[in-house]
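start_14.txt (compact mmCIF, C-alpha atoms and all ligand atoms) appears below.
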```txt
# COMPACT_ATOMS: atom_id res chain seq x y z
CA MET A 1317 20.94 -8.21 30.92
CA VAL A 1318 17.43 -8.63 29.59
CA ASP A 1319 16.29 -12.18 29.02
CA PRO A 1320 14.57 -12.27 25.60
CA TRP A 1321 12.42 -15.24 26.55
CA ALA A 1322 11.14 -13.36 29.58
CA LEU A 1323 10.39 -10.49 27.21
CA THR A 1324 8.15 -12.70 25.09
CA GLN A 1325 6.33 -13.87 28.19
CA GLU A 1326 5.77 -10.26 29.12
CA THR A 1327 4.48 -9.44 25.64
CA ARG A 1328 2.14 -12.41 25.76
CA MET A 1329 0.73 -11.26 29.08
CA THR A 1330 0.12 -7.67 28.08
CA THR A 1331 -1.22 -8.26 24.60
CA THR A 1332 -3.49 -11.20 23.99
CA ARG A 1333 -2.64 -11.56 20.32
CA PRO A 1334 0.63 -12.87 18.89
CA ARG A 1335 2.55 -10.57 16.59
CA ARG A 1336 2.70 -11.43 12.91
CA LEU A 1337 5.04 -9.84 10.37
CA SER A 1338 5.62 -10.16 6.67
CA LEU A 1339 7.00 -7.98 3.90
CA LEU A 1340 6.14 -7.92 0.24
CA GLN A 1341 8.79 -6.99 -2.28
CA PRO A 1342 7.53 -4.26 -4.64
CA THR A 1343 8.89 -5.63 -7.88
CA GLY A 1344 6.52 -6.60 -10.68
CA ARG A 1345 2.77 -6.42 -10.43
CA LEU A 1346 0.50 -8.33 -8.05
CA THR A 1347 -1.42 -11.23 -9.53
CA LEU A 1348 -4.51 -13.26 -8.79
CA GLY A 1349 -2.05 -15.80 -7.33
CA ASN A 1350 -0.76 -13.24 -4.81
CA PHE A 1351 -4.35 -12.34 -3.95
CA LEU A 1352 -5.77 -15.83 -3.43
CA GLY A 1353 -2.55 -17.25 -1.97
CA ALA A 1354 -1.51 -14.45 0.37
CA LEU A 1355 -3.44 -11.17 0.45
CA ARG A 1356 -6.96 -12.57 0.87
CA PRO A 1357 -6.00 -14.91 3.74
CA MET A 1358 -3.95 -12.10 5.33
CA ALA A 1359 -7.01 -9.86 5.31
CA ALA A 1360 -9.29 -12.62 6.62
CA GLN A 1361 -7.01 -13.43 9.56
CA GLN A 1362 -6.26 -9.95 10.82
CA GLU A 1363 -8.02 -10.30 14.18
CA GLN A 1364 -6.01 -13.38 15.16
CA ALA A 1365 -2.77 -11.45 15.41
CA ASP A 1366 -1.24 -8.01 15.78
CA CYS A 1367 -0.16 -7.78 12.14
CA PHE A 1368 2.65 -5.72 10.65
CA TYR A 1369 2.79 -5.79 6.86
CA GLY A 1370 5.47 -3.91 4.98
CA LEU A 1371 6.56 -3.12 1.45
CA ALA A 1372 10.23 -4.04 1.13
CA ASP A 1373 11.35 -1.20 -1.14
CA LEU A 1374 14.99 -1.55 -0.03
CA HIS A 1375 14.91 -5.15 -1.22
CA ALA A 1376 13.69 -3.97 -4.62
CA LEU A 1377 17.03 -2.15 -5.06
CA THR A 1378 19.03 -5.39 -5.13
CA VAL A 1379 18.47 -5.90 -8.86
CA THR A 1380 18.49 -3.46 -11.80
CA HIS A 1381 15.66 -1.00 -11.22
CA ASP A 1382 14.09 2.17 -12.56
CA PRO A 1383 13.41 4.77 -9.81
CA ALA A 1384 10.13 5.95 -11.36
CA VAL A 1385 8.85 2.39 -11.80
CA LEU A 1386 9.79 1.53 -8.21
CA ARG A 1387 7.94 4.58 -6.89
CA ALA A 1388 4.85 3.71 -8.96
CA THR A 1389 4.99 0.06 -7.85
CA VAL A 1390 5.19 1.02 -4.17
CA ALA A 1391 2.22 3.37 -4.61
CA GLU A 1392 0.20 0.68 -6.43
CA GLN A 1393 0.95 -2.00 -3.86
CA ALA A 1394 0.26 0.33 -0.93
CA THR A 1395 -3.13 1.13 -2.43
CA THR A 1396 -3.73 -2.56 -3.08
CA LEU A 1397 -3.02 -3.57 0.54
CA LEU A 1398 -5.78 -1.19 1.61
CA ALA A 1399 -8.07 -2.24 -1.24
CA VAL A 1400 -7.96 -5.89 -0.12
CA GLY A 1401 -9.02 -4.76 3.35
CA LEU A 1402 -5.84 -4.80 5.40
CA ASP A 1403 -6.88 -1.70 7.32
CA GLU A 1404 -6.79 -3.46 10.70
CA SER A 1405 -3.05 -4.11 10.25
CA THR A 1406 -0.06 -1.85 10.71
CA LEU A 1407 1.07 -1.04 7.17
CA PHE A 1408 4.40 0.56 6.37
CA VAL A 1409 7.09 1.05 3.74
CA GLN A 1410 10.43 -0.42 4.84
CA SER A 1411 12.58 2.60 3.93
CA ARG A 1412 10.42 4.84 6.16
CA VAL A 1413 11.57 2.84 9.16
CA PRO A 1414 15.34 3.51 9.17
CA ALA A 1415 15.93 0.88 11.87
CA HIS A 1416 15.73 -1.81 9.16
CA ALA A 1417 18.85 -0.55 7.35
CA GLN A 1418 20.57 0.28 10.64
CA LEU A 1419 20.09 -3.15 12.17
CA SER A 1420 21.00 -4.77 8.86
CA TYR A 1421 24.49 -3.25 9.08
CA LEU A 1422 24.98 -4.57 12.62
CA LEU A 1423 23.90 -8.04 11.50
CA GLU A 1424 26.29 -7.87 8.52
CA CYS A 1425 28.97 -7.81 11.19
CA VAL A 1426 27.91 -11.25 12.45
CA ALA A 1427 27.10 -12.79 9.03
CA THR A 1428 29.84 -14.28 6.86
CA THR A 1429 30.29 -13.85 3.10
CA GLY A 1430 30.56 -17.65 2.89
CA GLU A 1431 27.10 -18.35 4.30
CA LEU A 1432 25.46 -15.56 2.29
CA GLY A 1433 27.05 -16.81 -0.93
CA ARG A 1434 25.54 -20.24 -0.33
CA MET A 1435 21.95 -18.97 -0.31
CA ILE A 1436 20.01 -20.46 -3.21
CA GLN A 1437 18.37 -17.20 -4.24
CA PHE A 1438 21.75 -15.45 -4.43
CA LYS A 1439 23.18 -18.25 -6.50
CA GLU A 1440 20.21 -18.11 -8.88
CA LYS A 1441 19.74 -14.36 -9.29
CA GLY A 1442 23.46 -13.63 -9.00
CA ARG A 1443 24.32 -15.75 -12.02
CA ALA A 1444 24.61 -12.60 -14.12
CA GLY A 1445 28.15 -12.30 -12.81
CA GLU A 1446 30.19 -9.09 -12.51
CA SER A 1447 27.26 -6.71 -12.53
CA THR A 1448 25.59 -8.41 -9.53
CA ARG A 1449 24.86 -5.76 -6.91
CA ALA A 1450 26.60 -6.16 -3.55
CA SER A 1451 23.17 -5.64 -1.95
CA LEU A 1452 21.96 -8.89 -3.52
CA LEU A 1453 24.52 -10.69 -1.35
CA THR A 1454 23.51 -8.82 1.82
CA TYR A 1455 19.78 -8.88 1.00
CA LEU A 1456 19.07 -11.74 3.39
CA VAL A 1457 20.75 -9.95 6.26
CA LEU A 1458 18.31 -7.10 5.64
CA MET A 1459 15.48 -9.62 5.67
CA ALA A 1460 16.77 -10.95 9.01
CA ALA A 1461 16.75 -7.38 10.33
CA ASP A 1462 13.18 -6.90 9.06
CA ILE A 1463 12.12 -9.85 11.15
CA LEU A 1464 14.24 -9.57 14.29
CA LEU A 1465 13.31 -5.91 14.85
CA TYR A 1466 9.67 -6.83 15.49
CA ARG A 1467 10.10 -9.95 17.67
CA PRO A 1468 7.23 -11.62 15.79
CA GLU A 1469 5.82 -14.98 16.87
CA GLN A 1470 4.65 -15.62 13.30
CA VAL A 1471 6.31 -14.92 9.97
CA PRO A 1472 4.05 -16.11 7.16
CA VAL A 1473 6.18 -16.77 4.09
CA GLY A 1474 6.18 -19.07 1.12
CA ASP A 1475 8.25 -22.23 0.94
CA ASP A 1476 10.96 -20.47 -1.04
CA GLN A 1477 11.72 -18.33 2.04
CA ARG A 1478 12.40 -21.17 4.48
CA GLN A 1479 16.15 -21.08 4.02
CA HIS A 1480 16.06 -17.35 4.71
CA LEU A 1481 14.24 -17.87 8.00
CA GLU A 1482 16.88 -20.38 9.04
CA LEU A 1483 19.57 -17.81 8.31
CA THR A 1484 17.59 -15.32 10.41
CA ARG A 1485 17.60 -17.79 13.31
CA ASP A 1486 21.34 -18.44 12.90
CA LEU A 1487 22.19 -14.74 12.90
CA ALA A 1488 19.97 -14.08 15.93
CA MET A 1489 21.53 -16.87 17.94
CA ARG A 1490 25.09 -15.98 16.90
CA PHE A 1491 24.54 -12.34 17.85
CA ASN A 1492 23.03 -13.33 21.19
CA ALA A 1493 25.87 -15.74 21.94
CA ALA A 1494 28.51 -13.13 21.15
CA TYR A 1495 26.96 -9.94 22.54
CA GLY A 1496 24.11 -10.88 24.85
CA PRO A 1497 20.47 -11.91 24.48
CA VAL A 1498 18.95 -9.19 22.32
CA PHE A 1499 16.98 -11.16 19.73
CA LEU A 1500 14.27 -13.77 19.75
CA ALA A 1501 14.94 -16.41 17.12
CA PRO A 1502 11.66 -16.69 15.21
CA GLU A 1503 10.43 -20.20 15.87
CA ALA A 1504 7.39 -20.93 13.78
CA THR A 1505 6.48 -19.85 10.33
CA VAL A 1506 2.84 -19.98 9.45
CA PRO A 1507 2.56 -21.54 6.02
CA ALA A 1508 0.46 -19.52 3.64
CA VAL A 1509 -2.96 -21.14 4.00
CA GLY A 1510 -4.36 -19.66 0.80
CA ALA A 1511 -4.90 -21.32 -2.53
CA ARG A 1512 -1.86 -22.21 -4.60
CA VAL A 1513 -2.55 -20.81 -8.06
CA MET A 1514 -0.42 -21.96 -10.97
CA ASP A 1515 0.52 -20.06 -14.13
CA LEU A 1516 -2.17 -20.37 -16.84
CA ALA A 1517 0.35 -20.84 -19.65
CA GLU A 1518 2.78 -23.03 -17.69
CA PRO A 1519 0.64 -24.80 -15.09
CA THR A 1520 3.58 -26.53 -13.38
CA ARG A 1521 4.98 -23.12 -12.36
CA LYS A 1522 3.50 -20.95 -9.60
CA MET A 1523 1.63 -17.83 -10.79
CA SER A 1524 3.91 -15.14 -9.41
CA LYS A 1525 4.42 -11.41 -9.57
CA THR A 1526 5.23 -10.51 -13.09
CA GLY A 1527 5.85 -8.00 -15.80
CA SER A 1528 2.51 -7.20 -17.45
CA ARG A 1529 3.45 -8.98 -20.70
CA ASP A 1530 3.21 -12.36 -19.03
CA ALA A 1531 0.15 -14.07 -20.57
CA GLY A 1532 -0.10 -16.82 -17.95
CA ALA A 1533 -0.73 -14.52 -15.01
CA VAL A 1534 -3.98 -12.69 -14.29
CA LEU A 1535 -3.15 -9.39 -12.61
CA LEU A 1536 -5.15 -8.30 -9.60
CA LEU A 1537 -6.06 -5.12 -11.47
CA ASP A 1538 -6.80 -6.72 -14.88
CA PRO A 1539 -10.17 -5.54 -16.26
CA PRO A 1540 -12.78 -8.24 -17.06
CA ASP A 1541 -12.00 -8.44 -20.80
CA VAL A 1542 -8.32 -9.07 -20.08
CA VAL A 1543 -9.22 -11.75 -17.52
CA ARG A 1544 -11.47 -13.38 -20.14
CA ARG A 1545 -8.73 -13.35 -22.79
CA LYS A 1546 -6.08 -14.79 -20.45
CA VAL A 1547 -8.37 -17.55 -19.16
CA ALA A 1548 -9.51 -18.36 -22.71
CA ARG A 1549 -5.86 -18.94 -23.66
CA ALA A 1550 -5.08 -21.06 -20.59
CA VAL A 1551 -3.39 -24.38 -21.33
CA THR A 1552 -5.68 -27.42 -21.05
CA ASP A 1553 -5.17 -30.72 -22.90
CA SER A 1554 -6.63 -32.70 -25.81
CA ASP A 1555 -8.88 -34.94 -23.66
CA VAL A 1556 -12.49 -34.65 -24.94
CA GLY A 1557 -13.98 -37.49 -22.90
CA PRO A 1558 -17.14 -37.00 -20.81
CA ASP A 1559 -15.04 -36.55 -17.66
CA ALA A 1560 -12.41 -34.29 -19.25
CA VAL A 1561 -13.10 -31.64 -16.58
CA ARG A 1562 -11.48 -33.18 -13.51
CA ARG A 1563 -8.51 -32.85 -11.18
CA ASP A 1564 -5.39 -34.82 -12.02
CA ARG A 1565 -2.31 -32.87 -10.98
CA ASP A 1566 0.13 -35.05 -12.95
CA ALA A 1567 -1.76 -35.83 -16.16
CA LYS A 1568 -3.90 -32.67 -16.39
CA PRO A 1569 -2.07 -29.82 -14.62
CA GLY A 1570 -3.76 -27.04 -16.64
CA VAL A 1571 -7.30 -28.33 -16.09
CA THR A 1572 -6.58 -29.04 -12.42
CA ASN A 1573 -5.42 -25.46 -11.97
CA LEU A 1574 -8.61 -24.09 -13.58
CA VAL A 1575 -10.80 -26.27 -11.32
CA ASP A 1576 -8.80 -25.11 -8.25
CA LEU A 1577 -9.11 -21.51 -9.35
CA LEU A 1578 -12.86 -21.85 -9.83
CA GLU A 1579 -13.28 -23.27 -6.32
CA ALA A 1580 -10.96 -20.70 -4.76
CA CYS A 1581 -13.29 -18.06 -6.24
CA GLY A 1582 -16.40 -19.69 -4.79
CA GLY A 1583 -17.51 -21.65 -7.87
CA SER A 1584 -17.78 -25.35 -8.67
CA ALA A 1585 -16.91 -27.46 -11.71
CA ASP A 1586 -19.68 -29.98 -10.95
CA GLY A 1587 -21.64 -30.72 -14.11
CA LEU A 1588 -19.20 -28.99 -16.45
CA THR A 1589 -18.10 -31.24 -19.31
CA THR A 1590 -16.24 -29.02 -21.76
CA TYR A 1591 -13.18 -26.83 -21.41
CA GLY A 1592 -15.13 -23.97 -23.00
CA ALA A 1593 -17.74 -24.17 -20.22
CA LEU A 1594 -15.01 -24.49 -17.57
CA LYS A 1595 -13.20 -21.41 -18.85
CA ARG A 1596 -16.42 -19.37 -18.94
CA ALA A 1597 -17.16 -20.38 -15.35
CA VAL A 1598 -13.60 -19.54 -14.26
CA THR A 1599 -13.76 -16.14 -15.95
CA ASP A 1600 -17.10 -15.27 -14.30
CA ALA A 1601 -15.90 -16.40 -10.86
CA VAL A 1602 -12.56 -14.57 -11.10
CA VAL A 1603 -14.16 -11.36 -12.38
CA ALA A 1604 -16.72 -11.48 -9.55
CA GLU A 1605 -13.99 -12.12 -6.95
CA LEU A 1606 -11.82 -9.25 -8.17
CA GLU A 1607 -14.64 -6.76 -8.72
CA PRO A 1608 -14.95 -5.44 -5.12
CA VAL A 1609 -11.17 -5.16 -4.76
CA GLN A 1610 -10.85 -3.27 -8.04
CA ARG A 1611 -13.75 -1.00 -7.13
CA ARG A 1612 -12.14 -0.18 -3.77
CA TYR A 1613 -8.77 0.29 -5.51
CA ALA A 1614 -10.29 2.84 -7.90
CA GLU A 1615 -11.80 4.76 -4.95
CA LEU A 1616 -8.53 4.75 -3.01
CA ALA A 1617 -6.54 5.77 -6.10
CA ARG A 1618 -8.63 8.96 -6.11
CA GLU A 1619 -7.53 9.77 -2.55
CA PRO A 1620 -3.77 9.15 -2.44
CA GLU A 1621 -3.51 11.40 0.65
CA HIS A 1622 -5.61 8.87 2.56
CA VAL A 1623 -3.32 5.99 1.55
CA ALA A 1624 -0.26 8.09 2.42
CA ALA A 1625 -1.73 8.95 5.82
CA VAL A 1626 -2.41 5.29 6.68
CA PHE A 1627 1.15 4.34 5.76
CA ALA A 1628 2.59 7.34 7.66
CA ARG A 1629 0.73 6.22 10.78
CA GLY A 1630 1.91 2.65 10.25
CA ALA A 1631 5.55 3.73 9.87
CA GLU A 1632 5.26 5.75 13.06
CA ARG A 1633 4.07 2.70 15.00
CA ALA A 1634 6.74 0.55 13.33
CA ARG A 1635 9.43 3.05 14.37
CA ALA A 1636 8.14 3.05 17.94
CA VAL A 1637 8.00 -0.75 18.19
CA THR A 1638 11.45 -1.33 16.67
CA ALA A 1639 13.41 1.47 18.40
CA PRO A 1640 14.06 -0.44 21.67
CA VAL A 1641 15.28 -3.52 19.80
CA LEU A 1642 17.69 -1.47 17.67
CA ALA A 1643 18.87 0.38 20.77
CA ALA A 1644 19.54 -2.90 22.61
CA ALA A 1645 21.48 -4.32 19.65
CA THR A 1646 23.50 -1.10 19.22
CA ALA A 1647 24.47 -1.04 22.89
CA ALA A 1648 25.23 -4.76 23.03
CA ILE A 1649 27.62 -4.65 20.06
CA GLY A 1650 29.63 -1.85 21.69
CA LEU A 1651 28.52 1.35 19.99
N1 LIG A 1701 12.28 -11.89 0.78
C1 LIG A 1701 10.85 -11.91 0.78
C2 LIG A 1701 10.34 -12.34 -0.60
O1 LIG A 1701 11.09 -12.33 -1.55
C3 LIG A 1701 10.27 -10.56 1.13
C4 LIG A 1701 10.68 -10.15 2.50
C5 LIG A 1701 11.59 -9.20 2.82
C6 LIG A 1701 10.17 -10.68 3.73
N2 LIG A 1701 11.69 -9.05 4.17
C7 LIG A 1701 10.83 -9.96 4.77
C8 LIG A 1701 9.21 -11.66 4.06
C9 LIG A 1701 10.56 -10.24 6.11
C10 LIG A 1701 8.96 -11.93 5.40
C11 LIG A 1701 9.64 -11.21 6.42
O2 LIG A 1701 9.18 -12.69 -0.71
```
Kindly present the structure from the file in structure tokens form.
Ligand code: TRP
Amino acid sequence: MVDPWALTQETRMTTTRPRRLSLLQPTGRLTLGNFLGALRPMAAQQEQADCFYGLADLHALTVTHDPAVLRATVAEQATTLLAVGLDESTLFVQSRVPAHAQLSYLLECVATTGELGRMIQFKEKGRAGESTRASLLTYLVLMAADILLYRPEQVPVGDDQRQHLELTRDLAMRFNAAYGPVFLAPEATVPAVGARVMDLAEPTRKMSKTGSRDAGAVLLLDPPDVVRRKVARAVTDSDVGPDAVRRDRDAKPGVTNLVDLLEACGGSADGLTTYGALKRAVTDAVVAELEPVQRRYAELAREPEHVAAVFARGAERARAVTAPVLAAATAAIGL
């Protein structure tokens, strides 16, 4: 029987970099918050790890969806991952690596309906009742498969995914205990080191992926005039004192968010005294930060074959890397 810990040692000796894996769910549109909080740091840290980044299209099927919208969202996000400069990473679409769905089924045979039903996200999204898709219940088993297939040392995820990583560890250890040591329980999660951007209209809520009608979220692909309009409408407060422009997370969440945003985009609020001046500075900084990404996006959108080729190559490497893990799990469970 193969000792999984010995396997990690071996991996560490043959490759100098740790392996990092994360998937992005292609629902809604990517925002400035996704860019500053996740995509930009992911691109900046590519050399530190052997990175696998995927688009979790199977996960997008767990709630009501429109096939054409899903296809367009996957294409847009694939192009965006390249536009932000993730070309040193292995990029793939989850459904093009069948091992994800295959391992997920095997893990469903060690997971219990009780533990899945207790997951916070299921309880929240599943409130709709009878029409809840069965895949929403098993979604986290698929996420565990996503992770365990790659034996990553690092799984960068947001705080809301912590419970899911614990489930992943539980399933890995339970499988190993029952059928032999196939999986490495992912130990550490690298917290997202990027800026935490809040919603412009509701500054106590995180700016997250959204439908395009959401006024409080700047989209990564919003043109400058739309950025200007959204920032102009951002919530501030009625303070008109000489030091109105300052950080105070509790008393002035909207202003604090704008100051954070300005700094995350390379600017500074020093010397600014009015909200009008702050908003103009934020708009200029955000537009300047997004400009190169949008320019690259427009170029890539004109060569979809190039984007498709990068993702085809990535899926091929992902299939090669995951095949031995799926084979070991399949054999261990008795198939
Ligand atoms: N569930 C994650 C989210 O909602 C996306 C995801 C799916 C993921 N599979 C993953 C993240 C594997 C990290 C690793 O954001």
ask   = Expressed in Å to a single decimal, how great is the separation between CA of Phe1627 (chain A) and CA of Ser1411 (chain A)?
value = 11.7 Å
key: Selection: 12 Å around region 1422-1424 of chain A, all atoms listed in the file, excl. self and same-chain fewer than 4 positions, as a VMD selection string   = chain A and resid 1415 to 1418 1428 to 1429 1431 to 1432 1451 1453 to 1465 1483 to 1492 1494 to 1495 1498 to 1499 1642 to 1651
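Distances to Phe1368 (chain A) were evaluated for A:Leu1337, A:Val1400, A:Leu1419, A:Val1413 using only C-alpha atoms, and the minimum falls at A:Leu1337.
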request  = For each of A:Leu1481, A:Val1543, A:Leu1348, A:Val1379, take the minimum atom-to-atom distance to ligand LIG 1701 (chain A), counting all atoms listed in the file, then give the residue where this is smallest.
outcome  =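 Using all atoms listed in the file, the shortest distance to ligand LIG 1701 (chain A) belongs to A:Leu1481.
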key: Two-atom distance - CA of Glu1607 (chain A), CA of Ala1548 (chain A) (Å)   =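 Those two atoms sit 18.9 Å apart.
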Top pick for closest residue to ligand LIG 1701 (chain A), considering A:Asp1559, A:Asp1403, A:Glu1482, A:Glu1605 and counting only C-alpha atoms and all ligand atoms = A:Glu1482
Who sits within 12 Å of Pro1620 (chain A), all atoms listed in the file, same chain under 2 positions skipped, as a tab-separated table (two decimals) with C-alpha atoms, in the frame of the given file:
```
chain	number	residue	atom	x	y	z
A	1391	ALA	CA	2.22	3.37	-4.61
A	1392	GLU	CA	0.20	0.68	-6.43
A	1394	ALA	CA	0.26	0.33	-0.93
A	1395	THR	CA	-3.13	1.13	-2.43
A	1396	THR	CA	-3.73	-2.56	-3.08
A	1398	LEU	CA	-5.78	-1.19	1.61
A	1613	TYR	CA	-8.77	0.29	-5.51
A	1614	ALA	CA	-10.29	2.84	-7.90
A	1615	GLU	CA	-11.80	4.76	-4.95
A	1616	LEU	CA	-8.53	4.75	-3.01
A	1617	ALA	CA	-6.54	5.77	-6.10
A	1618	ARG	CA	-8.63	8.96	-6.11
A	1622	HIS	CA	-5.61	8.87	2.56
A	1623	VAL	CA	-3.32	5.99	1.55
A	1624	ALA	CA	-0.26	8.09	2.42
A	1625	ALA	CA	-1.73	8.95	5.82
A	1626	VAL	CA	-2.41	5.29	6.68
A	1627	PHE	CA	1.15	4.34	5.76
```
key: Near-Phe1351 (chain A) list (10 Å; only C-alpha atoms; drop same-chain fewer than 4 positions) as a ChimeraX atom specification   = /A:1346-1347,1355-1359,1396-1397,1400,1510-1511,1513,1535-1536,1606,1609
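Around Pro1502 (chain A), within 7 Å and counting only C-alpha atoms, the residues found are Pro1468, Glu1469, Arg1485, Leu1500 and Ala1504 of chain A, once anything fewer than 2 positions away on its own chain is removed.
Relative to CA of Pro1519 (chain A), CA of Arg1596 (chain A) is found at 18.3 Å.
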